[in-house]
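Participant: Sending over coords.cif (mmCIF, C-alpha atoms).
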```cif
data_input
#
loop_
_atom_site.label_atom_id
_atom_site.label_comp_id
_atom_site.auth_asym_id
_atom_site.auth_seq_id
_atom_site.Cartn_x
_atom_site.Cartn_y
_atom_site.Cartn_z
CA MET A 191 -22.34 4.12 -66.27
CA LYS A 192 -25.85 2.66 -66.14
CA ILE A 193 -26.72 -0.62 -64.45
CA LYS A 194 -28.68 -2.78 -66.89
CA ARG A 195 -29.38 -5.95 -64.93
CA LEU A 196 -29.07 -7.81 -61.64
CA LEU A 197 -27.60 -11.33 -61.82
CA LEU A 198 -27.73 -13.80 -58.96
CA ILE A 199 -25.05 -16.45 -59.42
CA ASN A 200 -25.37 -19.60 -57.34
CA VAL A 201 -22.04 -21.21 -56.45
CA PRO A 202 -22.63 -25.00 -56.30
CA ILE A 203 -21.37 -25.57 -52.76
CA MET A 204 -23.56 -26.90 -49.95
CA ASN A 205 -21.09 -27.25 -47.09
CA CYS A 206 -19.69 -24.70 -44.70
CA ASN A 207 -16.93 -24.34 -42.12
CA LEU A 208 -19.46 -22.99 -39.60
CA GLY A 209 -22.45 -24.72 -38.03
CA CYS A 210 -25.00 -22.03 -37.15
CA GLU A 211 -28.16 -23.50 -35.62
CA TYR A 212 -30.38 -21.06 -37.56
CA CYS A 213 -28.84 -21.95 -40.94
CA TYR A 214 -31.55 -22.75 -43.51
CA ILE A 215 -29.32 -25.31 -45.27
CA SER A 216 -28.95 -27.26 -42.03
CA ALA A 217 -32.66 -26.86 -41.27
CA LEU A 218 -33.59 -28.33 -44.65
CA GLY A 219 -31.11 -31.19 -44.22
CA GLN A 220 -29.25 -30.13 -47.38
CA SER A 221 -25.71 -29.74 -46.03
CA GLN A 222 -23.30 -31.81 -48.08
CA LYS A 223 -19.58 -32.48 -48.12
CA GLY A 224 -17.42 -32.75 -51.20
CA ALA A 225 -15.96 -30.43 -53.81
CA ALA A 226 -18.06 -28.12 -55.95
CA LYS A 227 -18.24 -29.09 -59.62
CA PHE A 228 -17.84 -26.52 -62.38
CA LYS A 229 -18.58 -27.57 -65.95
CA TYR A 230 -17.19 -24.39 -67.52
CA PRO A 231 -13.86 -22.61 -66.79
CA PRO A 232 -13.72 -19.05 -65.39
CA GLU A 233 -12.48 -17.41 -68.62
CA TYR A 234 -15.36 -18.89 -70.61
CA VAL A 235 -17.96 -17.94 -67.99
CA GLY A 236 -16.65 -14.37 -68.09
CA GLU A 237 -17.11 -14.29 -71.88
CA CYS A 238 -20.61 -15.75 -71.56
CA LEU A 239 -21.51 -12.92 -69.18
CA SER A 240 -19.92 -10.08 -71.10
CA LYS A 241 -21.50 -6.62 -71.21
CA LYS A 242 -22.33 -7.19 -74.86
CA ARG A 243 -24.25 -10.39 -74.20
CA LEU A 244 -26.04 -8.99 -71.13
CA GLY A 245 -26.85 -5.65 -72.72
CA GLY A 246 -24.69 -3.55 -70.43
CA THR A 247 -23.07 -3.28 -67.01
CA CYS A 248 -24.62 -5.51 -64.33
CA ILE A 249 -24.62 -5.93 -60.58
CA ILE A 250 -23.70 -9.57 -59.96
CA ASN A 251 -24.35 -11.22 -56.62
CA MET A 252 -22.37 -14.41 -56.04
CA THR A 253 -23.39 -16.73 -53.24
CA GLY A 254 -23.32 -20.41 -52.34
CA ASN A 255 -25.81 -22.47 -50.41
CA GLY A 256 -22.88 -23.14 -48.09
CA GLU A 257 -19.85 -20.86 -47.70
CA THR A 258 -19.29 -19.21 -51.08
CA LEU A 259 -15.49 -19.13 -50.88
CA VAL A 260 -14.96 -22.80 -49.97
CA PRO A 261 -14.26 -23.85 -53.62
CA LYS A 262 -10.69 -22.89 -54.51
CA GLU A 263 -11.88 -21.92 -58.02
CA VAL A 264 -14.16 -19.08 -56.85
CA PRO A 265 -11.53 -16.28 -56.80
CA GLN A 266 -10.83 -16.87 -60.50
CA TYR A 267 -14.56 -16.69 -61.33
CA ILE A 268 -14.70 -13.42 -59.39
CA TYR A 269 -11.68 -12.13 -61.32
CA HIS A 270 -13.06 -12.91 -64.77
CA LEU A 271 -16.48 -11.41 -64.00
CA LEU A 272 -14.84 -8.23 -62.73
CA LEU A 273 -12.72 -8.22 -65.87
CA GLN A 274 -15.94 -7.79 -67.87
CA GLY A 275 -16.59 -4.47 -66.14
CA HIS A 276 -19.44 -5.56 -63.86
CA TYR A 277 -19.98 -4.76 -60.17
CA LEU A 278 -19.70 -7.84 -57.97
CA GLU A 279 -21.16 -8.60 -54.57
CA VAL A 280 -19.74 -11.73 -52.90
CA VAL A 281 -21.58 -13.22 -49.94
CA THR A 282 -19.23 -14.80 -47.39
CA ASN A 283 -18.88 -15.60 -43.70
CA GLY A 284 -15.52 -13.81 -43.74
CA THR A 285 -13.42 -16.60 -42.21
CA LEU A 286 -11.39 -18.06 -45.11
CA THR A 287 -8.36 -15.78 -44.85
CA GLU A 288 -6.41 -17.49 -47.63
CA ARG A 289 -9.15 -16.69 -50.16
CA PHE A 290 -9.09 -13.00 -49.20
CA HIS A 291 -5.31 -12.89 -49.57
CA THR A 292 -5.71 -14.29 -53.09
CA ILE A 293 -8.40 -11.77 -54.06
CA ALA A 294 -6.38 -8.92 -52.53
CA GLN A 295 -3.77 -9.45 -55.28
CA PHE A 296 -6.24 -8.42 -58.02
CA PRO A 297 -5.61 -5.06 -59.73
CA GLY A 298 -7.04 -2.06 -57.90
CA GLU A 299 -9.26 -1.20 -60.88
CA LEU A 300 -11.10 -4.50 -60.36
CA LEU A 301 -11.23 -4.35 -56.57
CA ARG A 302 -12.95 -0.96 -56.60
CA ARG A 303 -15.98 -2.64 -58.20
CA LEU A 304 -16.03 -5.49 -55.68
CA GLU A 305 -18.21 -5.51 -52.57
CA PHE A 306 -18.35 -8.19 -49.89
CA LYS A 307 -21.50 -9.00 -47.97
CA PHE A 308 -19.96 -10.31 -44.77
CA SER A 309 -22.50 -12.46 -42.94
CA PHE A 310 -21.78 -11.87 -39.26
CA HIS A 311 -22.36 -15.19 -37.46
CA TYR A 312 -21.43 -13.83 -34.04
CA ALA A 313 -22.15 -16.88 -31.88
CA GLU A 314 -20.17 -19.28 -34.08
CA LEU A 315 -17.25 -16.86 -34.45
CA LYS A 316 -17.14 -16.32 -30.69
CA LYS A 317 -17.32 -20.06 -29.95
CA ARG A 318 -14.44 -20.81 -32.33
CA GLY A 319 -12.34 -17.82 -31.31
CA TRP A 320 -12.58 -16.36 -34.82
CA LEU A 321 -13.95 -12.87 -34.14
CA GLY A 322 -10.50 -11.34 -34.66
CA ARG A 323 -10.04 -13.27 -37.90
CA PHE A 324 -13.41 -12.06 -39.19
CA PHE A 325 -12.78 -8.37 -38.54
CA ASN A 326 -9.20 -8.56 -39.84
CA ASN A 327 -10.46 -9.97 -43.14
CA VAL A 328 -13.08 -7.22 -43.42
CA LYS A 329 -10.41 -4.58 -42.83
CA THR A 330 -7.96 -6.22 -45.25
CA MET A 331 -10.44 -6.01 -48.11
CA GLN A 332 -11.47 -2.47 -47.16
CA GLU A 333 -7.80 -1.38 -47.21
CA LYS A 334 -7.49 -2.86 -50.71
CA GLY A 335 -10.28 -0.61 -51.96
CA CYS A 336 -13.21 -3.03 -51.77
CA SER A 337 -16.62 -2.05 -50.45
CA PHE A 338 -18.31 -4.10 -47.77
CA THR A 339 -21.32 -4.53 -45.58
CA VAL A 340 -21.62 -6.56 -42.39
CA GLU A 341 -24.98 -8.21 -41.84
CA LEU A 342 -26.27 -9.92 -38.71
CA MET A 343 -28.97 -12.60 -38.50
CA PRO A 344 -31.28 -11.45 -35.66
CA TYR A 345 -31.61 -14.79 -33.90
CA ASP A 346 -33.43 -15.23 -30.57
CA GLY A 347 -30.34 -16.84 -29.04
CA LEU A 348 -28.42 -13.57 -29.49
CA VAL A 349 -30.79 -11.23 -27.64
CA ALA A 350 -28.67 -11.25 -24.47
CA GLU A 351 -25.64 -10.27 -26.59
CA ILE A 352 -27.19 -7.30 -28.42
CA ASP A 353 -25.31 -4.63 -26.44
CA THR A 354 -22.01 -6.47 -26.91
CA ILE A 355 -22.56 -6.93 -30.66
CA PHE A 356 -23.61 -3.32 -31.10
CA GLU A 357 -20.51 -1.93 -29.38
CA LEU A 358 -18.16 -4.46 -31.02
CA CYS A 359 -19.27 -3.39 -34.49
CA ARG A 360 -18.97 0.29 -33.66
CA LYS A 361 -15.43 -0.32 -32.39
CA GLU A 362 -14.24 -2.54 -35.26
CA LEU A 363 -16.24 -1.15 -38.20
CA GLY A 364 -17.06 2.42 -37.21
CA ALA A 365 -20.82 1.74 -37.27
CA ALA A 366 -23.39 -0.79 -36.15
CA CYS A 367 -23.93 -3.79 -38.44
CA GLN A 368 -26.89 -4.06 -40.76
CA VAL A 369 -29.55 -6.56 -39.68
CA THR A 370 -31.51 -8.94 -41.89
CA VAL A 371 -34.82 -10.67 -41.11
CA GLY A 372 -34.75 -14.38 -40.36
CA ARG A 373 -37.26 -16.65 -42.09
CA ASN A 374 -38.23 -20.22 -41.27
CA ASP A 375 -37.91 -22.16 -44.53
CA LEU A 376 -39.48 -25.21 -42.90
CA THR A 377 -42.85 -23.44 -42.91
CA ARG A 378 -45.01 -23.09 -46.02
CA ASN A 379 -45.28 -19.31 -45.85
CA LYS A 380 -41.70 -18.80 -44.65
CA GLU A 381 -42.65 -17.37 -41.27
CA LEU A 382 -40.43 -15.21 -39.07
CA LEU A 383 -37.66 -17.25 -37.48
CA THR A 384 -38.44 -16.23 -33.89
CA ASP A 385 -40.59 -17.07 -30.90
CA MET A 386 -41.38 -13.37 -30.47
CA THR A 387 -44.37 -11.55 -31.85
CA LYS A 388 -43.62 -9.38 -34.85
CA ALA A 389 -43.94 -6.27 -32.67
CA GLU A 390 -41.48 -7.66 -30.09
CA TYR A 391 -39.09 -8.71 -32.84
CA LYS A 392 -39.22 -5.23 -34.40
CA LYS A 393 -38.62 -3.50 -31.07
CA THR A 394 -35.79 -5.84 -30.02
CA TRP A 395 -33.72 -5.56 -33.19
CA GLY A 396 -34.75 -2.02 -34.11
CA ARG A 397 -31.98 -0.70 -31.90
CA PHE A 398 -29.52 -1.22 -34.75
CA GLN A 399 -31.36 1.37 -36.88
CA SER A 400 -30.80 -0.87 -39.89
CA THR A 401 -32.38 0.23 -43.17
CA MET A 402 -32.26 -3.39 -44.31
CA PHE A 403 -34.12 -4.64 -41.25
CA ARG A 404 -36.82 -1.96 -41.51
CA PHE A 405 -37.43 -2.61 -45.21
CA LYS A 406 -37.38 -6.42 -45.03
CA LEU A 407 -39.79 -6.37 -42.10
CA ALA A 408 -42.07 -3.90 -43.92
CA ILE A 409 -42.41 -6.23 -46.96
CA PHE A 410 -42.45 -9.45 -44.94
CA GLN A 411 -45.18 -11.84 -46.20
CA LYS A 412 -46.67 -9.14 -48.43
CA LYS A 413 -47.32 -10.52 -51.90
CA VAL A 414 -46.43 -8.11 -54.70
CA LYS A 415 -49.36 -7.89 -57.11
CA ASN A 416 -47.84 -5.48 -59.62
CA PHE A 417 -46.16 -6.56 -62.87
CA CYS A 418 -42.64 -7.73 -61.99
CA TYR A 419 -39.73 -7.33 -64.44
CA ALA A 420 -37.55 -9.98 -62.77
CA GLY A 421 -36.44 -12.18 -65.65
CA ALA A 422 -36.41 -9.26 -68.08
CA TRP A 423 -34.00 -7.27 -65.91
CA THR A 424 -32.64 -10.09 -63.73
CA LEU A 425 -31.31 -13.64 -64.03
CA TYR A 426 -30.53 -16.43 -61.58
CA ILE A 427 -27.65 -18.59 -62.89
CA ASP A 428 -26.07 -21.78 -61.61
CA LEU A 429 -22.30 -21.30 -61.85
CA GLY A 430 -21.70 -25.02 -62.06
CA THR A 431 -23.92 -25.78 -65.05
CA GLY A 432 -25.16 -22.53 -66.61
CA ALA A 433 -28.82 -23.40 -65.97
CA ALA A 434 -30.72 -20.13 -65.60
CA LYS A 435 -34.13 -18.82 -64.59
CA PRO A 436 -35.78 -15.39 -64.22
CA CYS A 437 -35.20 -15.23 -60.45
CA TYR A 438 -34.71 -17.55 -57.49
CA GLY A 439 -38.39 -18.46 -57.25
CA GLN A 440 -39.03 -19.50 -60.87
CA LEU A 441 -38.34 -22.53 -63.07
CA CYS A 442 -35.21 -22.87 -65.21
CA ASN A 443 -35.87 -21.93 -68.83
CA GLN A 444 -32.41 -21.92 -70.48
CA ASN A 445 -28.70 -22.60 -70.20
CA VAL A 446 -26.63 -19.46 -70.71
CA PHE A 447 -23.21 -21.21 -70.84
CA GLN A 448 -23.97 -24.08 -73.22
CA ASP A 449 -23.67 -22.02 -76.41
CA ILE A 450 -22.23 -18.52 -76.17
CA ASP A 451 -23.73 -17.61 -79.57
CA VAL A 452 -27.32 -18.28 -78.47
CA PRO A 453 -29.03 -15.08 -77.29
CA ILE A 454 -30.14 -15.04 -73.66
CA LYS A 455 -33.91 -15.10 -73.06
CA TYR A 456 -35.22 -12.25 -70.96
CA GLN A 457 -38.75 -13.24 -69.92
CA PRO A 458 -40.33 -11.29 -67.06
CA VAL A 459 -42.15 -12.95 -64.19
CA GLY A 460 -45.04 -10.54 -64.68
CA LYS A 461 -47.81 -11.47 -62.23
CA HIS A 462 -46.81 -15.12 -61.92
CA CYS A 463 -44.39 -15.21 -58.99
CA ARG A 464 -44.33 -18.70 -57.44
CA GLN A 465 -43.16 -17.54 -54.00
CA PRO A 466 -45.43 -16.56 -51.07
CA TYR A 467 -43.69 -13.16 -50.99
CA CYS A 468 -40.49 -11.54 -52.28
CA TYR A 469 -38.22 -12.58 -49.42
CA ASN A 470 -35.19 -11.27 -51.34
CA GLY A 471 -36.97 -8.01 -52.02
CA HIS A 472 -34.15 -6.14 -50.28
CA ALA A 473 -32.30 -6.63 -53.61
CA PHE A 474 -34.96 -7.14 -56.28
CA LEU A 475 -37.43 -4.49 -55.12
CA THR A 476 -34.88 -1.87 -54.08
CA LEU A 477 -33.27 -2.18 -57.51
CA GLY A 478 -36.63 -1.45 -59.11
CA VAL A 479 -38.01 -4.65 -60.68
CA VAL A 480 -41.47 -3.39 -59.72
CA PRO A 481 -41.27 0.27 -60.80
CA GLU A 482 -44.44 1.41 -59.01
CA LEU A 483 -43.08 0.56 -55.56
CA ASP A 484 -41.43 3.30 -53.51
CA THR A 485 -38.37 1.73 -51.87
CA PRO A 486 -34.99 2.68 -50.47
CA SER A 487 -32.05 2.10 -52.81
CA TYR A 488 -29.86 -0.98 -52.64
CA ALA A 489 -27.07 1.33 -51.46
CA ASP A 490 -29.27 2.28 -48.49
CA ILE A 491 -29.63 -1.41 -47.66
CA ARG A 492 -25.89 -2.11 -47.74
CA ASN A 493 -24.13 1.09 -46.68
CA ARG A 494 -23.28 2.64 -43.32
CA ARG A 495 -21.71 6.00 -42.54
CA CYS A 496 -18.99 5.65 -39.91
CA SER A 497 -18.36 7.92 -36.94
CA ASP A 498 -15.36 9.41 -38.77
CA GLY A 499 -17.40 10.22 -41.89
CA ARG A 500 -16.21 7.30 -44.03
CA GLU A 501 -18.71 4.96 -45.67
CA TRP A 502 -18.72 1.19 -46.17
CA LEU A 503 -19.44 1.57 -49.89
CA SER A 504 -16.90 3.25 -52.15
CA PRO A 505 -18.22 6.15 -54.28
CA CYS A 506 -18.44 4.07 -57.48
CA VAL A 507 -20.17 1.10 -55.80
CA LYS A 508 -22.53 3.46 -54.00
CA GLU A 509 -23.42 5.07 -57.33
CA ALA A 510 -24.08 1.67 -58.93
CA PHE A 511 -26.13 0.40 -55.99
CA SER A 512 -28.15 3.63 -55.89
CA GLN A 513 -29.61 3.09 -59.37
CA LYS A 514 -32.99 1.65 -60.32
CA LEU A 515 -33.21 -0.87 -63.15
CA SER A 516 -36.52 0.75 -64.06
CA ASP A 517 -34.62 3.91 -65.05
CA ASN A 518 -32.34 1.99 -67.44
CA ASN A 519 -34.78 -0.41 -69.10
CA GLU A 520 -38.04 -0.30 -71.04
CA ILE A 521 -41.22 -0.17 -68.97
CA TRP A 522 -43.96 -1.90 -70.92
CA GLY A 523 -47.30 -0.33 -71.71
CA SER A 524 -50.55 -2.01 -70.57
CA LYS A 525 -51.16 -3.62 -74.00
CA LYS A 526 -47.72 -5.22 -74.14
CA ARG A 527 -48.09 -6.51 -70.57
CA MET A 528 -51.52 -7.99 -71.39
CA LEU A 529 -50.23 -9.80 -74.50
CA TYR A 530 -47.32 -11.16 -72.52
CA GLU A 531 -49.67 -12.56 -69.88
CA VAL A 532 -51.42 -14.53 -72.63
CA LYS A 533 -48.10 -15.87 -73.92
CA TYR A 534 -46.85 -16.67 -70.43
CA VAL A 535 -48.57 -20.05 -70.34
CA PHE A 536 -46.37 -21.20 -73.24
CA HIS A 537 -43.22 -19.92 -71.50
CA PHE A 538 -44.32 -21.82 -68.40
CA ILE A 539 -44.79 -25.09 -70.31
CA GLY A 540 -41.34 -24.64 -71.86
CA ALA A 541 -39.80 -23.99 -68.43
CA VAL A 542 -41.43 -27.11 -66.96
CA PHE A 543 -40.04 -29.16 -69.85
CA TYR A 544 -36.58 -27.63 -69.32
CA ASP A 545 -36.64 -28.37 -65.57
CA TRP A 546 -37.64 -32.00 -66.14
CA LYS A 547 -34.92 -32.34 -68.76
CA GLU A 548 -32.38 -31.08 -66.20
CA ILE A 549 -33.70 -33.52 -63.57
CA TYR A 550 -33.52 -36.40 -66.07
CA GLU A 551 -29.94 -35.57 -67.08
CA LYS A 552 -28.67 -34.97 -63.55
CA ILE A 553 -30.45 -37.69 -61.58
CA ILE A 554 -32.51 -40.28 -63.42
CA LYS A 555 -30.17 -40.91 -66.36
CA ARG A 556 -27.08 -41.09 -64.16
CA ARG A 557 -28.72 -43.43 -61.66
CA PHE A 558 -29.90 -46.01 -64.17
CA ARG A 559 -27.18 -46.00 -66.80
#
```
Rewrite the structure from the file as structure tokens, please.
Facilitator:
Amino acid sequence: MKIKRLLLINVPIMNCNLGCEYCYISALGQSQKGAAKFKYPPEYVGECLSKKRLGGTCIINMTGNGETLVPKEVPQYIYHLLLQGHYLEVVTNGTLTERFHTIAQFPGELLRRLEFKFSFHYAELKKRGWLGRFFNNVKTMQEKGCSFTVELMPYDGLVAEIDTIFELCRKELGAACQVTVGRNDLTRNKELLTDMTKAEYKKTWGRFQSTMFRFKLAIFQKKVKNFCYAGAWTLYIDLGTGAAKPCYGQLCNQNVFQDIDVPIKYQPVGKHCRQPYCYNGHAFLTLGVVPELDTPSYADIRNRRCSDGREWLSPCVKEAFSQKLSDNNEIWGSKKRMLYEVKYVFHFIGAVFYDWKEIYEKIIKRRFR
């Protein structure tokens, strides 16, 4: 089994059952109520994202701008993507017990290729009395054969609780949680979300010995100047509409659900990334979209070995997450890269046109009709 691509699937939900003060959706004033809207049914989406159409087995990350599992339809989308033979990672705050009970009924063959990224919002869970619920849901999915990781946002307001969090995770999970790096999306260059200096921040949260934290801090605000194969080896897809783009930082250039018979465009970002730095490099870079970079594997970012020898990732998920897309795809020669750079301007113009068409259809046309 070779992993061909990484897909990021955005679930069109912008509300959450938690209210974390560091949440970037709240900070940007984007939190919304109301049901998510899906234009295409789960069975059809699964067919659109078949191995044949995508060129092989993929790692698919599914996340919402709010809590991913709020829409009642999401378990069926998970089911039909697993049915295609892909490896799925679902980002969740781990509190919607009913959704986990539904997913737990899936066949074991599907669940063994499912991994949950449990976002550990300690302060909110403690305030609401939901810590037990959170850990029970993690354990339920682990017992069903799913892989998991538990990831903490290193927020300044939690510093006094570090010892408690550390010991709680060791007790409940067998190992300390992984730690991400907080960014302030209200600043142009997406600065660190802390009042500490970078050195203080590193020392404070370094106690968790988190591979994810070390790597994300190492690449923080460092622009990648090499040729990037995101777009050729990755896609970012809106689950509600099918609108797609090379990665989260680029413009939409196609709709992959509209016509299942239309081939998907795989156009690399190259040297034209529109972001100040690869703030999701813990996935893109560790999976090898920039082959020259020496990075840990995505398995290293997600896994933990427990005190009893068990690991958070199952053997098959660990194998999938340990691969590099650069080992399973064509790496272009210098001439091909140079010709592509010349053609890129035309791709860009087409993407701008596509984005404005989407804006017209979604907002302007609806408002004035």
Participant: So which residues get picked by the PyMOL selection byres ((chain A and resi 313) around 12) here, written as a PDB file with C-alpha atoms, in the coordinates of the input?
Facilitator:
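So the final result, stored in result.pdb, reads:
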```
ATOM      1  CA  LEU A 208     -19.460 -22.990 -39.600  1.00  0.00           C
ATOM      2  CA  GLY A 209     -22.450 -24.720 -38.030  1.00  0.00           C
ATOM      3  CA  CYS A 210     -25.000 -22.030 -37.150  1.00  0.00           C
ATOM      4  CA  GLU A 211     -28.160 -23.500 -35.620  1.00  0.00           C
ATOM      5  CA  TYR A 212     -30.380 -21.060 -37.560  1.00  0.00           C
ATOM      6  CA  SER A 309     -22.500 -12.460 -42.940  1.00  0.00           C
ATOM      7  CA  PHE A 310     -21.780 -11.870 -39.260  1.00  0.00           C
ATOM      8  CA  HIS A 311     -22.360 -15.190 -37.460  1.00  0.00           C
ATOM      9  CA  TYR A 312     -21.430 -13.830 -34.040  1.00  0.00           C
ATOM     10  CA  GLU A 314     -20.170 -19.280 -34.080  1.00  0.00           C
ATOM     11  CA  LEU A 315     -17.250 -16.860 -34.450  1.00  0.00           C
ATOM     12  CA  LYS A 316     -17.140 -16.320 -30.690  1.00  0.00           C
ATOM     13  CA  LYS A 317     -17.320 -20.060 -29.950  1.00  0.00           C
ATOM     14  CA  ARG A 318     -14.440 -20.810 -32.330  1.00  0.00           C
ATOM     15  CA  GLY A 319     -12.340 -17.820 -31.310  1.00  0.00           C
ATOM     16  CA  TRP A 320     -12.580 -16.360 -34.820  1.00  0.00           C
ATOM     17  CA  LEU A 321     -13.950 -12.870 -34.140  1.00  0.00           C
ATOM     18  CA  LEU A 342     -26.270  -9.920 -38.710  1.00  0.00           C
ATOM     19  CA  MET A 343     -28.970 -12.600 -38.500  1.00  0.00           C
ATOM     20  CA  PRO A 344     -31.280 -11.450 -35.660  1.00  0.00           C
ATOM     21  CA  TYR A 345     -31.610 -14.790 -33.900  1.00  0.00           C
ATOM     22  CA  ASP A 346     -33.430 -15.230 -30.570  1.00  0.00           C
ATOM     23  CA  GLY A 347     -30.340 -16.840 -29.040  1.00  0.00           C
ATOM     24  CA  LEU A 348     -28.420 -13.570 -29.490  1.00  0.00           C
ATOM     25  CA  VAL A 349     -30.790 -11.230 -27.640  1.00  0.00           C
ATOM     26  CA  ALA A 350     -28.670 -11.250 -24.470  1.00  0.00           C
ATOM     27  CA  GLU A 351     -25.640 -10.270 -26.590  1.00  0.00           C
ATOM     28  CA  ILE A 352     -27.190  -7.300 -28.420  1.00  0.00           C
ATOM     29  CA  THR A 354     -22.010  -6.470 -26.910  1.00  0.00           C
ATOM     30  CA  ILE A 355     -22.560  -6.930 -30.660  1.00  0.00           C
TER      31      ILE A 355
END
```
Participant: Got a sec: who's within 10 Å of Gln411 (chain A), counting all atoms listed in the file, leaving out chain neighbours fewer than 5 positions off, as a short mmCIF file (atom, residue, chain, number, x, y, z; two decimals) with C-alpha atoms, keeping the file's coordinate frame?
Facilitator:
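Everything below was put into out-v4.cif:
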```cif
data_model
loop_
_atom_site.label_atom_id
_atom_site.label_comp_id
_atom_site.auth_asym_id
_atom_site.auth_seq_id
_atom_site.Cartn_x
_atom_site.Cartn_y
_atom_site.Cartn_z
CA ASN A 379 -45.28 -19.31 -45.85
CA LYS A 380 -41.70 -18.80 -44.65
CA GLU A 381 -42.65 -17.37 -41.27
CA LEU A 382 -40.43 -15.21 -39.07
CA LYS A 406 -37.38 -6.42 -45.03
CA GLN A 465 -43.16 -17.54 -54.00
CA PRO A 466 -45.43 -16.56 -51.07
CA TYR A 467 -43.69 -13.16 -50.99
CA CYS A 468 -40.49 -11.54 -52.28
CA TYR A 469 -38.22 -12.58 -49.42
#
```
Participant: What does the distance from CA of Asn200 (chain A) to CA of Leu515 (chain A) come to in Å, to one decimal?
Facilitator: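 So the two atoms, CA of Asn200 (chain A) and CA of Leu515 (chain A), lie 21.1 Å apart.
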Participant: With distances taken over only C-alpha atoms, which of A:His270, A:Arg303, A:Phe398, A:Lys388 is nearest to Asp353 (chain A)?
Facilitator: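 So, comparing all the options, the nearest one is A:Phe398.
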Participant: As an exercise, work out the distance from CA of Phe306 (chain A) to CA of Thr370 (chain A) in Å and give it to one decimal place.
Facilitator: 15.4 Å
Participant: Expand the PyMOL selection byres ((chain A and resi 372) around 6) into the individual residues it matches in the shown file, reporting them as an MDAnalysis selection string.
Facilitator: chainID A and resid 371 373 382:383
Participant: What does the distance between CA of Pro202 (chain A) and CA of Tyr419 (chain A) come to in Å, to one decimal place?
Facilitator: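 Result for CA of Pro202 (chain A) versus CA of Tyr419 (chain A): 25.9 Å, one decimal.
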Participant: Written as an MDAnalysis selection string, which residues does the PyMOL selection byres ((chain A and resi 299) around 10) give for the file shown?
Facilitator: chainID A and resid 272:273 275 296:298 300:304 335
Participant: Can you write out as JSON lines which residues of region 401-516 of chain A fall within 12 Å of region 231-237 of chain A, alongside each residue's closest atom pair and its distance in Å to one decimal, counting only C-alpha atoms and ordering rows by chain and ascending residue number?
Facilitator:
```
{"residue": "A:Ile427", "atom": "CA", "partner": "A:Val235", "partner_atom": "CA", "distance": 11.0}
{"residue": "A:Asp428", "atom": "CA", "partner": "A:Val235", "partner_atom": "CA", "distance": 11.0}
{"residue": "A:Leu429", "atom": "CA", "partner": "A:Val235", "partner_atom": "CA", "distance": 8.2}
{"residue": "A:Gly430", "atom": "CA", "partner": "A:Pro231", "partner_atom": "CA", "distance": 9.5}
{"residue": "A:Thr431", "atom": "CA", "partner": "A:Val235", "partner_atom": "CA", "distance": 10.3}
{"residue": "A:Gly432", "atom": "CA", "partner": "A:Val235", "partner_atom": "CA", "distance": 8.6}
{"residue": "A:Asn445", "atom": "CA", "partner": "A:Val235", "partner_atom": "CA", "distance": 11.9}
{"residue": "A:Val446", "atom": "CA", "partner": "A:Val235", "partner_atom": "CA", "distance": 9.2}
{"residue": "A:Phe447", "atom": "CA", "partner": "A:Val235", "partner_atom": "CA", "distance": 6.8}
{"residue": "A:Gln448", "atom": "CA", "partner": "A:Val235", "partner_atom": "CA", "distance": 10.1}
{"residue": "A:Asp449", "atom": "CA", "partner": "A:Tyr234", "partner_atom": "CA", "distance": 10.6}
{"residue": "A:Ile450", "atom": "CA", "partner": "A:Glu237", "partner_atom": "CA", "distance": 7.9}
{"residue": "A:Asp451", "atom": "CA", "partner": "A:Glu237", "partner_atom": "CA", "distance": 10.7}
```
Participant: Can you tell me, as a PyMOL selection string, what residues are no more than 12 Å from Asp498 (chain A) when counting only C-alpha atoms, ignoring any on the same chain fewer than 4 positions away?
Facilitator: chain A and resi 360-361+363-365+494+502
Participant: Nearest to Glu333 (chain A) among A:Thr485, A:Ser524, A:Ser504, A:Asn205, with distances taken over only C-alpha atoms: which residue is it?
Facilitator: A:Ser504
Participant: A:Leu244, A:Val459, A:Ile491, A:Val479: which is nearest Glu520 (chain A), counting all atoms listed in the file?
Facilitator: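 Smallest distance to Glu520 (chain A) is found for A:Val479.
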Participant: Of the candidates A:Leu358, A:Tyr530, A:Val414, A:Cys248, which one gets nearest to Glu279 (chain A) if we count all atoms listed in the file?
Facilitator: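 Looking at the shortest contact to Glu279 (chain A), the residue is A:Cys248.
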Participant: When you count only C-alpha atoms, which of these residues is closest to Pro261 (chain A): A:Tyr438, A:Phe228, A:Tyr426, A:Phe405?
Facilitator: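 Counting only C-alpha atoms, the residue closest to Pro261 (chain A) is A:Phe228.
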Participant: Between A:Leu483, A:Ala389, A:Ala489, A:Cys336, which has the minimum distance to Thr401 (chain A) (counting only C-alpha atoms)?
Facilitator: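 Using only C-alpha atoms, Thr401 (chain A) sits closest to A:Ala489.
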Participant: Might you pull out every residue within 9 Å of Pro481 (chain A), with all atoms listed in the file counted and same-chain residues fewer than 6 positions away left off, and present them as a list in words?
Facilitator: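 What passes the distance filter is Asn416, Phe417, Cys418, Tyr419, Leu475, Lys514, Leu515, Ser516, Asp517 and Ile521 of chain A.
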Participant: Take the selection from the previous step and output its residues with C-alpha atoms, as an mmCIF file, in the frame of the given file.
Facilitator:
```cif
data_model
loop_
_atom_site.group_PDB
_atom_site.id
_atom_site.type_symbol
_atom_site.label_atom_id
_atom_site.label_comp_id
_atom_site.auth_asym_id
_atom_site.auth_seq_id
_atom_site.Cartn_x
_atom_site.Cartn_y
_atom_site.Cartn_z
ATOM 1 C CA ASN A 416 -47.840 -5.480 -59.620
ATOM 2 C CA PHE A 417 -46.160 -6.560 -62.870
ATOM 3 C CA CYS A 418 -42.640 -7.730 -61.990
ATOM 4 C CA TYR A 419 -39.730 -7.330 -64.440
ATOM 5 C CA LEU A 475 -37.430 -4.490 -55.120
ATOM 6 C CA LYS A 514 -32.990 1.650 -60.320
ATOM 7 C CA LEU A 515 -33.210 -0.870 -63.150
ATOM 8 C CA SER A 516 -36.520 0.750 -64.060
ATOM 9 C CA ASP A 517 -34.620 3.910 -65.050
ATOM 10 C CA ILE A 521 -41.220 -0.170 -68.970
#
```
